[in-house]
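J.: One structure, as structure tokens, below. Some questions next.
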Amino acid sequence: MKRKFLGIVMIAVIAAAAGWNVYQNENKVLLSELGLANIEALARGEGDGAYNEDKVTSNYYENGVLYKQSIVVDCSEGGSSACSAGKYYRHINSDRSWGDWIPA
């Protein structure tokens, strides 16, 4: 009986040691504030030609009816999208849907 008890205790000790070893070998990656800031900057697209867009839209009316929109797009570096700076306009089609933006 004593021998059986010692065998069970030995198995429990070996299992506990194996579990502790696995726990100690887990890959724990800790990033500094600087590392996290660099990752965030890369995710935003900083330095790869991405831009912030600032848009100013104007509406044009004739006899109280909206017939045209114009937009001025200004680009500044550091955003998350491609940007085409310039002035554009579009007209309302006969079915009251907007046409495509056309460079002015």
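Ordering of the structure tokens sets the chain letters (A, B, ...); residue numbers start at 1 within each chain; ligands are numbered from 1 in the order shown.
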Using only C-alpha atoms, determine which residues lie at most 8 Å from A:Ala85, disregarding the query and same-chain residues fewer than 2 positions distant; provide the list as number ranges by chain.

T.: A: 72-75, 83, 87

J.: May I ask which of the residues A:Gly19, A:Thr57, A:Ser76, A:Glu62 is the closest one to A:Tyr89, counting only C-alpha atoms?

T.: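 Among the listed residues, A:Thr57 lies closest to A:Tyr89.
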
J.: Please measure the separation of atom CA of A:Asp54 and atom CA of A:Lys68, giving the value in Å to one decimal.

T.: 19.8 Å

J.: Any idea what's packed within 7 Å of A:Gln69, counting only C-alpha atoms, ignoring anything in its chain fewer than 3 positions away? Could you give it as a list in words?

T.: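 These residues fall inside the cut-off: Thr57, Ser58, Asn59, Tyr60, Tyr89, Arg90 and His91 of chain A.
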
J.: Export N, CA and C atoms of the chosen residues as a tab-separated table (two decimals), in the first residue's frame?

T.:
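Written output follows (part_37.tsv):
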chain	number	residue	atom	x	y	z
A	57	THR	N	-16.36	71.37	-49.36
A	57	THR	CA	-17.37	71.17	-50.40
A	57	THR	C	-18.25	72.41	-50.50
A	58	SER	N	-18.56	72.82	-51.72
A	58	SER	CA	-19.47	73.94	-51.97
A	58	SER	C	-20.62	73.46	-52.83
A	59	ASN	N	-21.82	73.94	-52.55
A	59	ASN	CA	-23.01	73.61	-53.33
A	59	ASN	C	-23.40	74.82	-54.19
A	60	TYR	N	-23.85	74.57	-55.40
A	60	TYR	CA	-24.27	75.62	-56.32
A	60	TYR	C	-25.74	75.42	-56.66
A	89	TYR	N	-15.33	68.98	-59.51
A	89	TYR	CA	-16.74	69.31	-59.49
A	89	TYR	C	-17.54	68.13	-60.03
A	90	ARG	N	-18.84	68.14	-59.74
A	90	ARG	CA	-19.74	67.15	-60.30
A	90	ARG	C	-21.13	67.77	-60.42
A	91	HIS	N	-21.87	67.29	-61.42
A	91	HIS	CA	-23.22	67.78	-61.68
A	91	HIS	C	-24.23	66.71	-61.30

J.: For a test of reading the model, state the distance in Å between atom CA of A:Gly99 and atom CA of A:Ser70, rounded to one decimal.

T.: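 Interatomic distance, atom CA of A:Gly99 to atom CA of A:Ser70: 11.8 Å.
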
J.: Which one of A:Ala12, A:Asn21, A:Phe5, A:Trp101 sits closest to A:Ser84 if you count only C-alpha atoms?

T.: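 Using only C-alpha atoms, the shortest distance to A:Ser84 belongs to A:Trp101.
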